[in-house]
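Visitor: Starting off with a structure, shown below.
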Amino acid sequence: MTWMRRNLFRSWWDGILSLVFGALAVYVVWALVNFVFVTGRWEIIEVNLTLLLVGRFPAEELWLVGASIVGLAFWISAASSSFTQPVENKRPWGARILDAVQRFGLLAGLGLLLIVLAEGMTPIYWALAIVGGIVAGRALGATRRAFAWVGKIPALVWHALLIAAPVTLIALTLTRSTLDSWGGFLINFYIAIISIVLSFPLGVLLALGRRSTLPIVRLLSTTYIELIRGAPLFVLLLLAGVALEFFVPVDLAPGPIFRAVTVFTLFTAAYVAEIVRGGLQSVAKGQTEAGKALGLNTSKVTFLITLPQALRNVIPAQIGQFISLFKDTTLAGAALSVLEVLNIGTAITKQDDFLGQGYIYESLAFVGLLFWVGSYVMSRESQRLEKRLGVGQR
Amino acid sequence: MSNKVFTDATQMSGGRTSDDAIVVMQDVYKRFKDFEALKKINFQVGKQEVVVVIGPSGSGKSTLIRCINRLEEHDAGRIIVDGTELTMDIRNIQEIRKETGMVFQSFNLFPHLSVLTNVAIGPRQVRGMPKAQAEALALELLERVRIPEQANKYPSQLSGGQQQRVAIARALAMKPKVMLFDEPTSALDPEMINEVLDVIKELAREGMTMVVVTHEMGFAKEVADRVVFMADGEIVEVGTPAEIFDNPQEERTKKFLSQIL
């Protein structure tokens with residue numbers, strides 16, 4: 001009661017605001033709950049679940065997609081646990097469980113929802129396999145810390161071995177299907193991941209190029225960055241759909257997914273470059289001077305001293321850019337006819353059973369949920385990364 | 001403290017260079033836009049000599065020692081360090097930087113690296129020393145500056161005095177022929193100044209060649225072989241601590257000393 005009086009009804013004006021917005025909040029929540037549990041007609045999602053998640057991927061090869069995801073989960077978990085010190089294991093179980101729920105609760109909830117929607121045992125097996133992959137990864141990471149001879153394997157070799165699992169599985173998947181048969185949320189996910197992995201080093205190079213002392217390198221980098229940043233992403237995607245035919249014979253031209261990845265990579269690299277450049281400027285001049293005074297050459301000063309600090313300082317902006325890239329993959333549907341999840345989400349409302357009955361609400365809500373969960377996980381993990389690297393305290 | 005290599009007349013004229021000189025500056029001139037930071041500086045530092053540079057702020061003390069390892073580029077004159085002349089040739093610059101250690105006013109430790117790595121990074125990356133050997137050397141130096149127990153911490157977890165001692169160890173790790181100290185205690189809380197000065201004094205006793213820019217007059221009196229007084233980008237007066245502090249010849253020196261003592 002005291003809390004309410006102090007925070008909600010301190011004056012009559014506060015009181016009115018609290019009542020109005022309180023009522024509004026109650027109404028919104030009620031409408032939402034009503035939509036999800038009462039009026040929502042989720043059979044459109046149930047019927048088309050496979051289509052939404054993986055598009056027209058050949059059904060008999062679907063297990064490879066599942067295996068790739070298990071491989072990815074294994075790799076991420078193994079790589080992230082291989083080199084960190086075993087810290088703060090003294091924390092009470094309650095706090096650790098709460099932490100795990102905050103980190104993965106939403107993801108697990110989504111998984112559960114998908115299992116319920118899919119009806120059947122297969123998705124449960126896959127969910128268990130993914131959890132198994134994560135556990136196996138952590139166990140392998142722990143092995144590296146526990147046994148000296150495993151710890152002696154050079155970090156680079158170790159990482160190469162770990163990443164071999166998902167890469168092999170994805171490569172195998174590609175040999176059994178054509179890339180352009182991939183679709184649904186799967187393709188949004190992969191376009192985003194591949195574009196992130198490719199655009200990051202390119203962006204860093206562009207940032208360094210823009211700060212280079214060589215005028216030509218500087219001019220080229222600056223021109224590239226300003227040109228790309230001056231064009232709307234959607235226009236670039238549309239352009240990628242038509243412009244290639246000017247240069248390459250039609251039957252040699254790469255498919256829409258390849259084009260989409262190219263555009264997202266080139267586009268994001270320009271933004272990453274500016275973010276990283278800002279980070280480089282935030283590193284104190286004394287750092288460069290101290291490096292030079294030791295006798296480190298220019299590239300060592302950059303790669304050992306300034307760049308690591310710069311990258312650490314820009315994690316929030318960087319992740320923001322990648323989240324935005326993840327969501328922008330939906331544009332590939334409209335611009336390049338990639339069968340990504342939004343494209344499918346709108347197409348299924350035109351199926352005979354659902355046509356003209358306003359199923360678009362349910363469809364969009366589901367697509368939105370997928371992206372929200374994905375973005376939320378990325379954002380949370382970036383906060384953890386920031387904490388671990390000690391931004392702002394070191 | 002007995003090896004005073006040059007007579008004062010020699011340094012002021014700057015004409016000849018002794019074989020014993022590690023740092024030689026001849027007619028060095030430096031300007032920042034409209035501001036003349038160094039005007040015709042002639043200056044030498046002999047082997048195992050401790051030179052303390054004093055003077056009012058803005059007098060060019062820092063610029064002087066920053067020219068020695070090319071953190072500032074001089075506009076005219078010659079600078080020769082350990083027989084190598086500073087030119088535009090990057091190889092010469094690298095060579096000289098390997099032989100000179102520098103300690104900054106604001107420490108400038110690498111915040112993303114552990115204390116041990118901060119000290120080991122020079123020998124590892126510049127001299128190509130194997131990791132284990134570089135870390136052993138680093139630990140040895142940390143013992144010398146009396147903080148081996150902080151080796152695995154990060155710079156931000158240390159006090160200012162500890163950080164500055166790590167910075168000294170980092171510079172020493174390159175086994176430099178001359179150490180440059182740019183106001184090493186100016187950013188420290190008063191109670192930490194002595195722990196850093198003690199380390200520097202010990203280095204001096206062991207025969208390290210060094211140029212120290214400082215406002216610590218007690219330290220200058222105790223450690224310096226020669227004291228250089230600078231004002232307005234010029235070397236006004238050079239002498240033993242006794243000569244400068246007890247019997248200054250120049251008006252500007254007298255005025256400066258009367259203001260600070």
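Here, A, B, ... name the chains of the structure tokens in the order displayed, residue numbers run from 1 inside each chain, and ligands are numbered from 1 in the same displayed order.
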Determine, for each residue of chain B having at least one atom at most 10 Å from an atom of chain A, the closest pair of atoms and their separation in Å to one decimal, counting only C-alpha atoms; order by chain and ascending number, as CSV.
Guide:
```
residue,atom,partner,partner_atom,distance
B:Arg66,CA,A:Ala293,CA,9.4
B:Asn69,CA,A:Ala293,CA,6.8
B:Arg70,CA,A:Ala293,CA,8.4
B:Leu71,CA,A:Glu289,CA,6.8
B:Ile90,CA,A:Asn297,CA,9.3
B:Arg91,CA,A:Asn297,CA,9.9
B:Ile93,CA,A:Gly295,CA,8.5
B:Gln94,CA,A:Gly295,CA,5.6
B:Glu95,CA,A:Gly295,CA,7.7
B:Ile96,CA,A:Gly295,CA,8.1
B:Arg97,CA,A:Gly295,CA,4.9
B:Lys98,CA,A:Gly295,CA,5.0
B:Glu99,CA,A:Gly295,CA,8.5
B:Thr100,CA,A:Ala293,CA,7.5
B:Gly101,CA,A:Leu294,CA,6.6
B:Met102,CA,A:Ala293,CA,6.2
B:Val103,CA,A:Ala290,CA,8.3
B:Phe104,CA,A:Ala290,CA,8.0
B:Gln105,CA,A:Gly286,CA,9.8
B:Ser106,CA,A:Gly286,CA,7.9
B:Phe107,CA,A:Gly286,CA,8.5
B:Asn108,CA,A:Gly286,CA,5.6
B:Leu109,CA,A:Gln287,CA,7.3
B:Phe110,CA,A:Gln287,CA,6.7
B:Pro111,CA,A:Arg394,CA,5.9
B:His112,CA,A:Gln309,CA,6.6
B:Leu113,CA,A:Ile305,CA,8.9
B:Ile121,CA,A:Leu294,CA,8.8
B:Gly122,CA,A:Leu294,CA,5.9
B:Pro123,CA,A:Leu294,CA,8.9
B:Gln125,CA,A:Leu296,CA,7.0
B:Val126,CA,A:Leu296,CA,5.9
B:Arg127,CA,A:Gly295,CA,9.2
B:Tyr154,CA,A:Arg394,CA,7.3
B:Pro155,CA,A:Arg394,CA,7.3
B:Ser156,CA,A:Arg394,CA,5.1
B:Gln157,CA,A:Arg394,CA,7.7
B:Ala167,CA,A:Ala290,CA,9.4
B:Arg170,CA,A:Leu294,CA,8.3
B:Ala171,CA,A:Leu294,CA,6.8
B:Leu172,CA,A:Leu294,CA,9.7
B:Ala173,CA,A:Leu294,CA,9.2
B:Met174,CA,A:Leu294,CA,7.3
B:Pro176,CA,A:Leu294,CA,9.6
B:Leu180,CA,A:Ala293,CA,10.0
```
Visitor: Please, could you write that set of residues out with N, CA and C atoms as a compact mmCIF listing (two decimals), in the first residue's frame?
Guide:
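Everything below was put into part25.txt:
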```
# COMPACT_ATOMS: atom_id res chain seq x y z
N ARG B 66 59.97 12.78 -25.75
CA ARG B 66 59.14 12.08 -26.73
C ARG B 66 59.75 12.10 -28.12
N ASN B 69 62.27 8.86 -28.78
CA ASN B 69 61.79 7.60 -29.36
C ASN B 69 60.73 7.84 -30.43
N ARG B 70 60.73 9.02 -31.00
CA ARG B 70 59.89 9.34 -32.15
C ARG B 70 58.39 9.26 -31.88
N LEU B 71 57.99 9.50 -30.63
CA LEU B 71 56.55 9.68 -30.44
C LEU B 71 56.18 11.05 -30.95
N ILE B 90 61.67 3.72 -41.27
CA ILE B 90 60.93 3.06 -40.19
C ILE B 90 61.80 2.03 -39.48
N ARG B 91 62.77 1.44 -40.19
CA ARG B 91 63.63 0.45 -39.55
C ARG B 91 64.48 1.08 -38.46
N ILE B 93 63.66 3.75 -36.80
CA ILE B 93 62.76 4.11 -35.71
C ILE B 93 62.48 2.89 -34.84
N GLN B 94 62.21 1.75 -35.50
CA GLN B 94 61.95 0.52 -34.74
C GLN B 94 63.17 0.13 -33.92
N GLU B 95 64.34 0.25 -34.53
CA GLU B 95 65.57 -0.11 -33.86
C GLU B 95 65.73 0.71 -32.58
N ILE B 96 65.48 1.99 -32.71
CA ILE B 96 65.65 2.89 -31.55
C ILE B 96 64.59 2.60 -30.49
N ARG B 97 63.38 2.31 -30.93
CA ARG B 97 62.33 2.04 -29.94
C ARG B 97 62.60 0.77 -29.15
N LYS B 98 63.29 -0.18 -29.81
CA LYS B 98 63.65 -1.40 -29.09
C LYS B 98 64.63 -1.10 -27.97
N GLU B 99 65.47 -0.11 -28.20
CA GLU B 99 66.55 0.17 -27.24
C GLU B 99 66.16 1.20 -26.19
N THR B 100 64.98 1.81 -26.34
CA THR B 100 64.55 2.81 -25.36
C THR B 100 63.27 2.34 -24.69
N GLY B 101 63.25 2.40 -23.38
CA GLY B 101 62.01 2.08 -22.67
C GLY B 101 61.37 3.38 -22.24
N MET B 102 60.03 3.43 -22.27
CA MET B 102 59.39 4.67 -21.86
C MET B 102 58.31 4.41 -20.81
N VAL B 103 58.28 5.28 -19.82
CA VAL B 103 57.25 5.23 -18.79
C VAL B 103 56.47 6.53 -18.85
N PHE B 104 55.14 6.40 -18.92
CA PHE B 104 54.29 7.56 -19.15
C PHE B 104 53.68 8.08 -17.86
N GLN B 105 53.25 9.33 -17.92
CA GLN B 105 52.56 9.91 -16.77
C GLN B 105 51.29 9.13 -16.43
N SER B 106 50.55 8.75 -17.47
CA SER B 106 49.27 8.07 -17.22
C SER B 106 49.39 6.56 -17.38
N PHE B 107 50.54 6.01 -17.11
CA PHE B 107 50.83 4.56 -17.09
C PHE B 107 50.68 3.91 -18.47
N ASN B 108 49.47 4.10 -19.08
CA ASN B 108 49.18 3.49 -20.38
C ASN B 108 49.42 1.99 -20.41
N LEU B 109 49.05 1.30 -19.35
CA LEU B 109 49.07 -0.16 -19.40
C LEU B 109 47.96 -0.61 -20.33
N PHE B 110 48.10 -1.82 -20.87
CA PHE B 110 47.07 -2.34 -21.76
C PHE B 110 45.97 -2.97 -20.91
N PRO B 111 44.79 -2.35 -20.85
CA PRO B 111 43.78 -2.77 -19.88
C PRO B 111 43.18 -4.14 -20.17
N HIS B 112 43.30 -4.60 -21.42
CA HIS B 112 42.67 -5.88 -21.77
C HIS B 112 43.61 -7.05 -21.54
N LEU B 113 44.84 -6.79 -21.10
CA LEU B 113 45.80 -7.86 -20.88
C LEU B 113 46.15 -7.94 -19.40
N ILE B 121 54.66 -8.85 -23.27
CA ILE B 121 54.28 -8.64 -24.67
C ILE B 121 55.42 -8.07 -25.51
N GLY B 122 56.23 -7.19 -24.91
CA GLY B 122 57.35 -6.60 -25.66
C GLY B 122 58.34 -7.65 -26.13
N PRO B 123 58.98 -8.39 -25.19
CA PRO B 123 59.94 -9.40 -25.62
C PRO B 123 59.33 -10.46 -26.53
N GLN B 125 56.62 -10.21 -28.65
CA GLN B 125 56.19 -9.77 -29.98
C GLN B 125 57.29 -9.04 -30.74
N VAL B 126 58.19 -8.38 -30.03
CA VAL B 126 59.22 -7.62 -30.74
C VAL B 126 60.50 -8.42 -30.88
N ARG B 127 60.88 -9.12 -29.81
CA ARG B 127 62.12 -9.88 -29.88
C ARG B 127 61.88 -11.34 -30.25
N TYR B 154 44.36 -7.78 -13.51
CA TYR B 154 44.31 -6.84 -14.62
C TYR B 154 44.65 -5.45 -14.11
N PRO B 155 45.19 -4.59 -15.00
CA PRO B 155 45.66 -3.28 -14.56
C PRO B 155 44.65 -2.51 -13.70
N SER B 156 43.36 -2.58 -14.08
CA SER B 156 42.38 -1.78 -13.35
C SER B 156 42.20 -2.24 -11.91
N GLN B 157 42.71 -3.44 -11.60
CA GLN B 157 42.56 -3.94 -10.23
C GLN B 157 43.71 -3.48 -9.34
N ALA B 167 54.29 -0.67 -15.30
CA ALA B 167 54.71 0.01 -16.53
C ALA B 167 56.24 0.07 -16.61
N ARG B 170 57.33 -3.32 -17.59
CA ARG B 170 57.05 -3.55 -19.02
C ARG B 170 58.15 -2.94 -19.89
N ALA B 171 58.59 -1.74 -19.53
CA ALA B 171 59.64 -1.09 -20.31
C ALA B 171 60.97 -1.84 -20.13
N LEU B 172 61.24 -2.28 -18.92
CA LEU B 172 62.51 -2.97 -18.66
C LEU B 172 62.60 -4.30 -19.39
N ALA B 173 61.43 -4.92 -19.66
CA ALA B 173 61.42 -6.24 -20.28
C ALA B 173 62.11 -6.24 -21.63
N MET B 174 62.16 -5.07 -22.27
CA MET B 174 62.84 -5.00 -23.57
C MET B 174 64.34 -4.85 -23.40
N PRO B 176 66.17 -2.31 -22.32
CA PRO B 176 66.54 -1.11 -23.06
C PRO B 176 67.90 -0.57 -22.61
N LEU B 180 63.27 6.27 -20.54
CA LEU B 180 62.74 7.62 -20.56
C LEU B 180 61.53 7.67 -19.62
```
Visitor: Just the helix (DSSP H, G or I) stuff from region 24-123 of chain B, please, per backbone DSSP, written as JSON, numbers by chain.
Guide: {"B": [61, 62, 63, 64, 65, 66, 67, 68, 90, 91, 92, 93, 94, 95, 96, 97, 98, 99, 115, 116, 117, 118, 119, 120, 121, 122, 123]}
Visitor: Pick from A:Ala73, A:Ser18, A:Ala67, A:Leu172: nearest to Arg6 (chain A), with only C-alpha atoms counted?
Guide: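 Comparing A:Ala73, A:Ser18, A:Ala67, A:Leu172 against Arg6 (chain A), the winner is A:Ser18.
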Visitor: Neighbouring residues of Ile54 (chain B) were defined as those with any atom within 12 Å, considering only C-alpha atoms; residues of the same chain fewer than 5 positions away were excluded. Please report them as a PDB file with N, CA and C atoms, in the first residue's frame.
Guide:
```pdb
ATOM      1  N   SER B  59      57.264  23.930 -21.033  1.00  0.00           N
ATOM      2  CA  SER B  59      58.618  24.347 -21.380  1.00  0.00           C
ATOM      3  C   SER B  59      59.257  23.416 -22.412  1.00  0.00           C
ATOM      4  N   GLY B  60      58.597  22.309 -22.730  1.00  0.00           N
ATOM      5  CA  GLY B  60      59.127  21.414 -23.765  1.00  0.00           C
ATOM      6  C   GLY B  60      59.807  20.178 -23.219  1.00  0.00           C
ATOM      7  N   LYS B  61      59.703  19.935 -21.904  1.00  0.00           N
ATOM      8  CA  LYS B  61      60.376  18.776 -21.300  1.00  0.00           C
ATOM      9  C   LYS B  61      59.864  17.471 -21.905  1.00  0.00           C
ATOM     10  N   SER B  62      58.545  17.326 -21.898  1.00  0.00           N
ATOM     11  CA  SER B  62      57.966  16.085 -22.416  1.00  0.00           C
ATOM     12  C   SER B  62      58.260  15.934 -23.902  1.00  0.00           C
ATOM     13  N   LEU B  64      60.716  16.977 -25.489  1.00  0.00           N
ATOM     14  CA  LEU B  64      62.119  16.593 -25.620  1.00  0.00           C
ATOM     15  C   LEU B  64      62.285  15.075 -25.548  1.00  0.00           C
ATOM     16  N   ILE B  65      61.732  14.470 -24.489  1.00  0.00           N
ATOM     17  CA  ILE B  65      61.994  13.031 -24.403  1.00  0.00           C
ATOM     18  C   ILE B  65      61.112  12.236 -25.364  1.00  0.00           C
ATOM     19  N   ASP B 182      58.514  10.013 -18.352  1.00  0.00           N
ATOM     20  CA  ASP B 182      57.788  11.261 -18.623  1.00  0.00           C
ATOM     21  C   ASP B 182      56.849  11.559 -17.454  1.00  0.00           C
ATOM     22  N   GLU B 183      57.330  12.321 -16.504  1.00  0.00           N
ATOM     23  CA  GLU B 183      56.572  12.656 -15.296  1.00  0.00           C
ATOM     24  C   GLU B 183      55.934  11.419 -14.666  1.00  0.00           C
ATOM     25  N   VAL B 211      66.632   9.232 -18.602  1.00  0.00           N
ATOM     26  CA  VAL B 211      66.242  10.628 -18.666  1.00  0.00           C
ATOM     27  C   VAL B 211      64.895  10.721 -17.965  1.00  0.00           C
ATOM     28  N   VAL B 212      64.822  11.555 -16.939  1.00  0.00           N
ATOM     29  CA  VAL B 212      63.606  11.626 -16.143  1.00  0.00           C
ATOM     30  C   VAL B 212      63.064  13.054 -16.152  1.00  0.00           C
ATOM     31  N   VAL B 213      61.854  13.201 -16.659  1.00  0.00           N
ATOM     32  CA  VAL B 213      61.166  14.485 -16.533  1.00  0.00           C
ATOM     33  C   VAL B 213      60.350  14.422 -15.256  1.00  0.00           C
ATOM     34  N   THR B 214      60.543  15.345 -14.357  1.00  0.00           N
ATOM     35  CA  THR B 214      59.819  15.242 -13.086  1.00  0.00           C
ATOM     36  C   THR B 214      59.674  16.589 -12.402  1.00  0.00           C
ATOM     37  N   HIS B 215      58.736  16.616 -11.472  1.00  0.00           N
ATOM     38  CA  HIS B 215      58.592  17.790 -10.602  1.00  0.00           C
ATOM     39  C   HIS B 215      59.061  17.475  -9.194  1.00  0.00           C
ATOM     40  N   GLU B 216      59.590  16.255  -8.997  1.00  0.00           N
ATOM     41  CA  GLU B 216      60.032  15.853  -7.667  1.00  0.00           C
ATOM     42  C   GLU B 216      61.469  16.319  -7.446  1.00  0.00           C
ATOM     43  N   MET B 217      61.606  17.468  -6.815  1.00  0.00           N
ATOM     44  CA  MET B 217      62.943  18.052  -6.690  1.00  0.00           C
ATOM     45  C   MET B 217      63.829  17.251  -5.734  1.00  0.00           C
ATOM     46  N   GLY B 218      63.237  16.688  -4.694  1.00  0.00           N
ATOM     47  CA  GLY B 218      64.013  15.866  -3.766  1.00  0.00           C
ATOM     48  C   GLY B 218      64.645  14.691  -4.491  1.00  0.00           C
ATOM     49  N   PHE B 219      63.850  14.073  -5.344  1.00  0.00           N
ATOM     50  CA  PHE B 219      64.322  12.954  -6.147  1.00  0.00           C
ATOM     51  C   PHE B 219      65.465  13.403  -7.058  1.00  0.00           C
ATOM     52  N   ALA B 220      65.276  14.547  -7.692  1.00  0.00           N
ATOM     53  CA  ALA B 220      66.304  15.059  -8.600  1.00  0.00           C
ATOM     54  C   ALA B 220      67.623  15.258  -7.858  1.00  0.00           C
ATOM     55  N   LYS B 221      67.543  15.867  -6.675  1.00  0.00           N
ATOM     56  CA  LYS B 221      68.756  16.116  -5.892  1.00  0.00           C
ATOM     57  C   LYS B 221      69.466  14.823  -5.555  1.00  0.00           C
ATOM     58  N   ALA B 224      70.043  12.484  -9.531  1.00  0.00           N
ATOM     59  CA  ALA B 224      70.549  12.983 -10.814  1.00  0.00           C
ATOM     60  C   ALA B 224      72.061  13.112 -10.835  1.00  0.00           C
ATOM     61  N   ARG B 226      73.105  14.802 -13.591  1.00  0.00           N
ATOM     62  CA  ARG B 226      72.983  16.163 -14.112  1.00  0.00           C
ATOM     63  C   ARG B 226      71.527  16.581 -14.079  1.00  0.00           C
ATOM     64  N   VAL B 227      71.302  17.844 -13.879  1.00  0.00           N
ATOM     65  CA  VAL B 227      69.954  18.387 -13.936  1.00  0.00           C
ATOM     66  C   VAL B 227      69.904  19.365 -15.102  1.00  0.00           C
ATOM     67  N   VAL B 228      68.864  19.218 -15.922  1.00  0.00           N
ATOM     68  CA  VAL B 228      68.674  20.127 -17.047  1.00  0.00           C
ATOM     69  C   VAL B 228      67.465  20.991 -16.740  1.00  0.00           C
ATOM     70  N   PHE B 229      67.645  22.295 -16.781  1.00  0.00           N
ATOM     71  CA  PHE B 229      66.495  23.171 -16.581  1.00  0.00           C
ATOM     72  C   PHE B 229      66.053  23.726 -17.928  1.00  0.00           C
ATOM     73  N   MET B 230      64.768  23.502 -18.241  1.00  0.00           N
ATOM     74  CA  MET B 230      64.229  23.991 -19.521  1.00  0.00           C
ATOM     75  C   MET B 230      63.171  25.044 -19.292  1.00  0.00           C
ATOM     76  N   ALA B 231      63.107  26.008 -20.203  1.00  0.00           N
ATOM     77  CA  ALA B 231      62.020  26.984 -20.197  1.00  0.00           C
ATOM     78  C   ALA B 231      61.809  27.456 -21.625  1.00  0.00           C
ATOM     79  N   GLY B 233      61.000  26.059 -24.358  1.00  0.00           N
ATOM     80  CA  GLY B 233      61.565  25.258 -25.434  1.00  0.00           C
ATOM     81  C   GLY B 233      63.075  25.318 -25.545  1.00  0.00           C
ATOM     82  N   GLU B 234      63.720  25.888 -24.549  1.00  0.00           N
ATOM     83  CA  GLU B 234      65.180  25.942 -24.587  1.00  0.00           C
ATOM     84  C   GLU B 234      65.768  25.311 -23.337  1.00  0.00           C
ATOM     85  N   ILE B 235      66.992  24.795 -23.500  1.00  0.00           N
ATOM     86  CA  ILE B 235      67.724  24.370 -22.313  1.00  0.00           C
ATOM     87  C   ILE B 235      68.398  25.612 -21.757  1.00  0.00           C
ATOM     88  N   VAL B 236      67.972  26.003 -20.555  1.00  0.00           N
ATOM     89  CA  VAL B 236      68.465  27.258 -19.989  1.00  0.00           C
ATOM     90  C   VAL B 236      69.762  27.021 -19.223  1.00  0.00           C
ATOM     91  N   GLU B 237      69.776  25.909 -18.488  1.00  0.00           N
ATOM     92  CA  GLU B 237      70.933  25.696 -17.634  1.00  0.00           C
ATOM     93  C   GLU B 237      71.110  24.203 -17.377  1.00  0.00           C
ATOM     94  N   VAL B 238      72.347  23.764 -17.358  1.00  0.00           N
ATOM     95  CA  VAL B 238      72.654  22.369 -17.074  1.00  0.00           C
ATOM     96  C   VAL B 238      73.714  22.312 -15.991  1.00  0.00           C
ATOM     97  N   GLY B 239      73.576  21.395 -15.071  1.00  0.00           N
ATOM     98  CA  GLY B 239      74.613  21.287 -14.049  1.00  0.00           C
ATOM     99  C   GLY B 239      74.359  20.132 -13.112  1.00  0.00           C
ATOM    100  N   PRO B 241      73.200  18.548  -9.534  1.00  0.00           N
ATOM    101  CA  PRO B 241      72.117  18.996  -8.658  1.00  0.00           C
ATOM    102  C   PRO B 241      72.563  20.125  -7.736  1.00  0.00           C
ATOM    103  N   ILE B 244      72.718  23.405  -9.733  1.00  0.00           N
ATOM    104  CA  ILE B 244      71.418  23.957 -10.131  1.00  0.00           C
ATOM    105  C   ILE B 244      70.601  24.396  -8.920  1.00  0.00           C
ATOM    106  N   PHE B 245      70.548  23.563  -7.898  1.00  0.00           N
ATOM    107  CA  PHE B 245      69.642  23.881  -6.797  1.00  0.00           C
ATOM    108  C   PHE B 245      70.252  24.876  -5.810  1.00  0.00           C
ATOM    109  N   THR B 253      66.099  30.260 -14.008  1.00  0.00           N
ATOM    110  CA  THR B 253      66.243  29.121 -13.104  1.00  0.00           C
ATOM    111  C   THR B 253      65.937  29.540 -11.679  1.00  0.00           C
ATOM    112  N   PHE B 256      62.201  30.067 -11.206  1.00  0.00           N
ATOM    113  CA  PHE B 256      61.461  28.800 -11.164  1.00  0.00           C
ATOM    114  C   PHE B 256      61.654  28.109  -9.817  1.00  0.00           C
ATOM    115  N   LEU B 257      62.906  28.044  -9.388  1.00  0.00           N
ATOM    116  CA  LEU B 257      63.187  27.346  -8.130  1.00  0.00           C
ATOM    117  C   LEU B 257      62.544  28.063  -6.946  1.00  0.00           C
ATOM    118  N   ILE B 260      58.886  27.026  -6.696  1.00  0.00           N
ATOM    119  CA  ILE B 260      58.461  25.671  -6.309  1.00  0.00           C
ATOM    120  C   ILE B 260      59.052  25.193  -4.994  1.00  0.00           C
TER     121      ILE B 260
END
```
Visitor: Given only C-alpha atoms as the basis, pick out the residue of A:Trp372, A:Phe37, A:Tyr27, A:Trp42 nearest to Phe354 (chain A).
Guide: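 Among A:Trp372, A:Phe37, A:Tyr27, A:Trp42, it is A:Trp42 that comes nearest to Phe354 (chain A).
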Visitor: I want to know what sits within 8 Å of Leu342 (chain A), based on only C-alpha atoms, with residues of the same chain fewer than 4 positions away left out; could you give that as an NGL selection string?
Guide: :A and (184 or 330 or 333 or 346 or 364 or 367)
Visitor: Would you save the residues from that selection as a compact mmCIF listing (two decimals), in the first residue's frame, using N, CA, C and O atoms?
Guide:
```txt
# COMPACT_ATOMS: atom_id res chain seq x y z
N GLY A 184 11.86 -21.23 -45.29
CA GLY A 184 11.31 -21.08 -43.96
C GLY A 184 12.26 -20.36 -43.01
O GLY A 184 13.22 -19.72 -43.43
N THR A 330 13.96 -10.96 -43.54
CA THR A 330 12.59 -11.09 -44.07
C THR A 330 12.42 -10.32 -45.37
O THR A 330 11.53 -10.63 -46.17
N GLY A 333 12.54 -12.13 -48.81
CA GLY A 333 11.35 -12.75 -49.36
C GLY A 333 10.69 -11.85 -50.39
O GLY A 333 10.44 -12.26 -51.53
N THR A 346 2.88 -15.30 -45.28
CA THR A 346 1.80 -14.62 -46.00
C THR A 346 1.18 -15.55 -47.04
O THR A 346 -0.02 -15.49 -47.29
N LEU A 364 1.22 -13.75 -38.82
CA LEU A 364 2.23 -12.74 -38.48
C LEU A 364 2.65 -12.84 -37.02
O LEU A 364 3.82 -12.65 -36.70
N VAL A 367 5.24 -15.59 -36.82
CA VAL A 367 6.52 -15.17 -37.40
C VAL A 367 7.21 -14.18 -36.46
O VAL A 367 8.41 -14.27 -36.19
```
Visitor: Can you pull out the residues contacting Leu325 (chain A)? Cut-off 9 Å, using only C-alpha atoms, and skip same-chain residues under 4 positions away; I want them as a ChimeraX atom specification.
Guide: /A:192,195-196,264,268,320-321,329
Visitor: Just the selected residues (N, CA and C atoms), exported as a PDB file, in the first residue's frame, please.
Guide:
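Heads up, here's the output in selection27.pdb:
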```
ATOM      1  N   ALA A 192      21.284 -15.106 -41.888  1.00  0.00           N
ATOM      2  CA  ALA A 192      21.780 -14.192 -40.853  1.00  0.00           C
ATOM      3  C   ALA A 192      23.143 -14.636 -40.341  1.00  0.00           C
ATOM      4  N   SER A 195      25.882 -14.229 -43.021  1.00  0.00           N
ATOM      5  CA  SER A 195      26.176 -12.823 -43.273  1.00  0.00           C
ATOM      6  C   SER A 195      26.919 -12.201 -42.094  1.00  0.00           C
ATOM      7  N   ILE A 196      26.559 -12.594 -40.875  1.00  0.00           N
ATOM      8  CA  ILE A 196      27.256 -12.061 -39.696  1.00  0.00           C
ATOM      9  C   ILE A 196      28.719 -12.485 -39.733  1.00  0.00           C
ATOM     10  N   PHE A 264      23.401  -8.848 -47.940  1.00  0.00           N
ATOM     11  CA  PHE A 264      23.403  -8.632 -46.487  1.00  0.00           C
ATOM     12  C   PHE A 264      24.826  -8.467 -45.962  1.00  0.00           C
ATOM     13  N   THR A 268      25.874  -4.993 -44.346  1.00  0.00           N
ATOM     14  CA  THR A 268      26.193  -4.964 -42.918  1.00  0.00           C
ATOM     15  C   THR A 268      27.648  -4.575 -42.678  1.00  0.00           C
ATOM     16  N   GLY A 320      23.545  -5.011 -31.819  1.00  0.00           N
ATOM     17  CA  GLY A 320      22.370  -4.319 -32.328  1.00  0.00           C
ATOM     18  C   GLY A 320      22.291  -4.434 -33.839  1.00  0.00           C
ATOM     19  N   GLN A 321      23.433  -4.228 -34.492  1.00  0.00           N
ATOM     20  CA  GLN A 321      23.490  -4.312 -35.947  1.00  0.00           C
ATOM     21  C   GLN A 321      23.165  -5.727 -36.420  1.00  0.00           C
ATOM     22  N   THR A 329      16.392 -10.146 -42.698  1.00  0.00           N
ATOM     23  CA  THR A 329      16.386 -11.259 -43.652  1.00  0.00           C
ATOM     24  C   THR A 329      14.986 -11.484 -44.222  1.00  0.00           C
TER      25      THR A 329
END
```
